[in-house]
Amino acid sequence: MKGNICMPAPSLFKRRQLLGFGGVGVAGLLAGAAVTKAVDIYAHPPVTSGIQPLQQPDMQVYIDPGGFEQQFLTKSADIKQIWDFVTVEQVQPQGLTAVRNALNAFQFIYKKTLYAVLCLRGGAVIYALDDAIWAKYDLLALSGQKIGAAVTGNPCYRRRTADNGALSPDDPQSLYQDASLQALVQRGSHLAVCHDALSGLAVQLAQQHGIPFADVLAELAAHLVAGAQQTPSGSSLIAVAQYFGFTYAKQ
């Protein structure tokens, strides 16, 4: 009897998922270990780099990839999560609330530590930039968000509360109810900024304002918000983070 097979619709950003398949066939029962070994070879082919097989991947390659220092991947915690933010809509207006809620649940309910790395890539990379860049290049207009005429800086970065953890977590004015990037960083989270996305934004701004690309890129890199640092590419970081034991999360 044949059943219907539902194929998932392609995602907006064409994210590929690596799937592993396994099973036991009649041939395995007849041929024994020889068939099992053959299946294992095809199910888990050796990873290669160039022409040399990699038997034991070097973790240092991921921690210091071509000058991008990524020691933040080695931080220990009971649970580690890599949060994937690709679009402006995923961040604004309530996207960061999910990260805050996860931190609160682990701290006050599970009594465990949660280490969150927020990967800002694609259009969401603008939230890794400080108020000066937002004002100079009018990133609010570029984002398409309707926040208010009085807002000229990064609307997601600045603290919304003055508390530093003294108030009850249920108090609306407590640090634990603050979902700003600054508050999340204060609580131990890390901001990873996709270099490719930052370069793409620099190309766009350079064309719009008639400024050399290299100058714009250098300016953007110098104006990341506190607690943020570049990673070679956001999509590769997500894979590397999972290699280091992070679970994947997306709003």
# chains A, B, ... in the order shown; residues from 1 in each chain; ligands from 1
>>> residues_around(residues="segment 153-168 of chain A", least_positions_apart="4", cutoff="8 Å", atoms="only C-alpha atoms", output="list in words")
Gln92, Tyr127, Leu129, Asp130, Asp131, Ala132, Ile133, Trp134, Ala135, Leu140, Gln173, Ser174, Leu175, Tyr176, Asp178, Ser180, Leu181, Gln182, Ala183 and Val225 of chain A
>>> residues_around(residues="Gln145 of chain A", least_positions_apart="2", cutoff="12 Å", atoms="only C-alpha atoms", output="PDB file with N, CA and C atoms, in the first residue's frame")
ATOM      1  N   THR A  87      16.118  37.991   8.683  1.00  0.00           N
ATOM      2  CA  THR A  87      15.350  39.115   8.153  1.00  0.00           C
ATOM      3  C   THR A  87      15.075  40.158   9.232  1.00  0.00           C
ATOM      4  N   VAL A  88      14.753  41.349   8.775  1.00  0.00           N
ATOM      5  CA  VAL A  88      14.374  42.426   9.681  1.00  0.00           C
ATOM      6  C   VAL A  88      13.145  42.018  10.492  1.00  0.00           C
ATOM      7  N   GLU A  89      12.201  41.354   9.844  1.00  0.00           N
ATOM      8  CA  GLU A  89      10.952  40.976  10.509  1.00  0.00           C
ATOM      9  C   GLU A  89      11.183  39.959  11.619  1.00  0.00           C
ATOM     10  N   GLN A  90      12.233  39.162  11.506  1.00  0.00           N
ATOM     11  CA  GLN A  90      12.518  38.191  12.563  1.00  0.00           C
ATOM     12  C   GLN A  90      13.016  38.874  13.836  1.00  0.00           C
ATOM     13  N   VAL A  91      13.569  40.060  13.689  1.00  0.00           N
ATOM     14  CA  VAL A  91      14.101  40.785  14.844  1.00  0.00           C
ATOM     15  C   VAL A  91      13.077  41.755  15.394  1.00  0.00           C
ATOM     16  N   GLN A  92      12.469  42.541  14.523  1.00  0.00           N
ATOM     17  CA  GLN A  92      11.498  43.546  14.924  1.00  0.00           C
ATOM     18  C   GLN A  92      10.087  43.075  14.605  1.00  0.00           C
ATOM     19  N   PRO A  93       9.109  43.331  15.498  1.00  0.00           N
ATOM     20  CA  PRO A  93       9.276  44.081  16.744  1.00  0.00           C
ATOM     21  C   PRO A  93       9.504  43.198  17.981  1.00  0.00           C
ATOM     22  N   ASP A 138      20.687  56.313   7.477  1.00  0.00           N
ATOM     23  CA  ASP A 138      19.229  56.180   7.593  1.00  0.00           C
ATOM     24  C   ASP A 138      18.803  54.721   7.429  1.00  0.00           C
ATOM     25  N   LEU A 139      19.338  53.873   8.287  1.00  0.00           N
ATOM     26  CA  LEU A 139      19.043  52.448   8.210  1.00  0.00           C
ATOM     27  C   LEU A 139      17.601  52.136   8.585  1.00  0.00           C
ATOM     28  N   LEU A 140      16.951  53.054   9.304  1.00  0.00           N
ATOM     29  CA  LEU A 140      15.540  52.841   9.626  1.00  0.00           C
ATOM     30  C   LEU A 140      14.717  52.815   8.348  1.00  0.00           C
ATOM     31  N   ALA A 141      14.987  53.758   7.448  1.00  0.00           N
ATOM     32  CA  ALA A 141      14.281  53.778   6.162  1.00  0.00           C
ATOM     33  C   ALA A 141      14.651  52.558   5.330  1.00  0.00           C
ATOM     34  N   LEU A 142      15.915  52.185   5.392  1.00  0.00           N
ATOM     35  CA  LEU A 142      16.380  51.028   4.633  1.00  0.00           C
ATOM     36  C   LEU A 142      15.713  49.749   5.110  1.00  0.00           C
ATOM     37  N   SER A 143      15.444  49.679   6.416  1.00  0.00           N
ATOM     38  CA  SER A 143      14.828  48.478   6.979  1.00  0.00           C
ATOM     39  C   SER A 143      13.356  48.344   6.625  1.00  0.00           C
ATOM     40  N   ILE A 147       8.577  52.782  12.913  1.00  0.00           N
ATOM     41  CA  ILE A 147       8.717  52.837  14.370  1.00  0.00           C
ATOM     42  C   ILE A 147       8.308  54.191  14.926  1.00  0.00           C
ATOM     43  N   GLY A 148       8.748  55.244  14.302  1.00  0.00           N
ATOM     44  CA  GLY A 148       8.408  56.581  14.779  1.00  0.00           C
ATOM     45  C   GLY A 148       9.455  57.579  14.337  1.00  0.00           C
ATOM     46  N   ALA A 149       9.018  58.827  14.135  1.00  0.00           N
ATOM     47  CA  ALA A 149       9.921  59.855  13.632  1.00  0.00           C
ATOM     48  C   ALA A 149      11.047  60.161  14.611  1.00  0.00           C
ATOM     49  N   VAL A 151      12.789  58.112  16.353  1.00  0.00           N
ATOM     50  CA  VAL A 151      13.812  57.074  16.396  1.00  0.00           C
ATOM     51  C   VAL A 151      14.778  57.258  15.237  1.00  0.00           C
ATOM     52  N   THR A 152      16.056  57.471  15.563  1.00  0.00           N
ATOM     53  CA  THR A 152      17.076  57.615  14.525  1.00  0.00           C
ATOM     54  C   THR A 152      18.185  56.578  14.683  1.00  0.00           C
ATOM     55  N   ASN A 154      19.687  52.640  16.401  1.00  0.00           N
ATOM     56  CA  ASN A 154      19.340  51.225  16.380  1.00  0.00           C
ATOM     57  C   ASN A 154      18.218  50.966  17.390  1.00  0.00           C
ATOM     58  N   PRO A 155      17.022  50.594  16.946  1.00  0.00           N
ATOM     59  CA  PRO A 155      15.889  50.471  17.871  1.00  0.00           C
ATOM     60  C   PRO A 155      15.924  49.220  18.738  1.00  0.00           C
ATOM     61  N   CYS A 156      16.843  48.301  18.466  1.00  0.00           N
ATOM     62  CA  CYS A 156      16.875  47.042  19.209  1.00  0.00           C
ATOM     63  C   CYS A 156      18.033  46.930  20.180  1.00  0.00           C
TER      64      CYS A 156
END
>>> select_by_dssp(residues="segment 76-137 of chain A", states="helix (DSSP H, G or I)", output="ChimeraX atom specification")
/A:88-91,97-110,122-128,131-137
>>> closest_residue(among="A:Ala241, A:Leu217, A:Leu191, A:Ala226", to="Met59 of chain A", atoms="only C-alpha atoms")
A:Ala241
>>> closest_residue(among="A:Pro212, A:Gly227, A:Gly122, A:Gly245", to="Asp196 of chain A", atoms="only C-alpha atoms")
A:Gly122
>>> closest_residue(among="A:Ala124, A:Ala197, A:Ala179, A:Ala206", to="Gln94 of chain A", atoms="only C-alpha atoms")
A:Ala179
>>> residues_around(residues="Asn104 of chain A", least_positions_apart="4", cutoff="9 Å", atoms="only C-alpha atoms", output="VMD selection string")
chain A and resid 99 to 100 108 to 109 169 176 to 177
>>> write_last_selection(atoms="C-alpha atoms", output="tab-separated table (two decimals), in the first residue's frame")
chain	number	residue	atom	x	y	z
A	99	VAL	CA	15.73	34.76	23.46
A	100	ARG	CA	14.86	36.62	26.66
A	108	PHE	CA	14.48	30.55	37.02
A	109	ILE	CA	12.65	27.31	36.13
A	169	PRO	CA	12.07	38.70	37.32
A	176	TYR	CA	14.84	39.97	33.05
A	177	GLN	CA	11.97	41.65	31.19
>>> select_by_dssp(residues="segment 209-241 of chain A", states="strand (DSSP E)", output="tab-separated table (two decimals) with C-alpha atoms, in the first residue's frame")
chain	number	residue	atom	x	y	z
A	228	ALA	CA	29.29	41.94	18.60
A	229	GLN	CA	32.00	40.51	16.38
A	230	GLN	CA	32.26	39.31	12.82
A	231	THR	CA	32.14	35.69	11.68
>>> atom_distance(atom1="atom CA of Ser189 of chain A", atom2="atom CA of Val61 of chain A")
22.8 Å
>>> atom_distance(atom1="atom CA of Ser236 of chain A", atom2="atom CA of Asp215 of chain A")
25.8 Å
>>> closest_residue(among="A:Gln204, A:Gln251, A:Ser235, A:Thr113", to="Lys75 of chain A", atoms="only C-alpha atoms")
A:Thr113
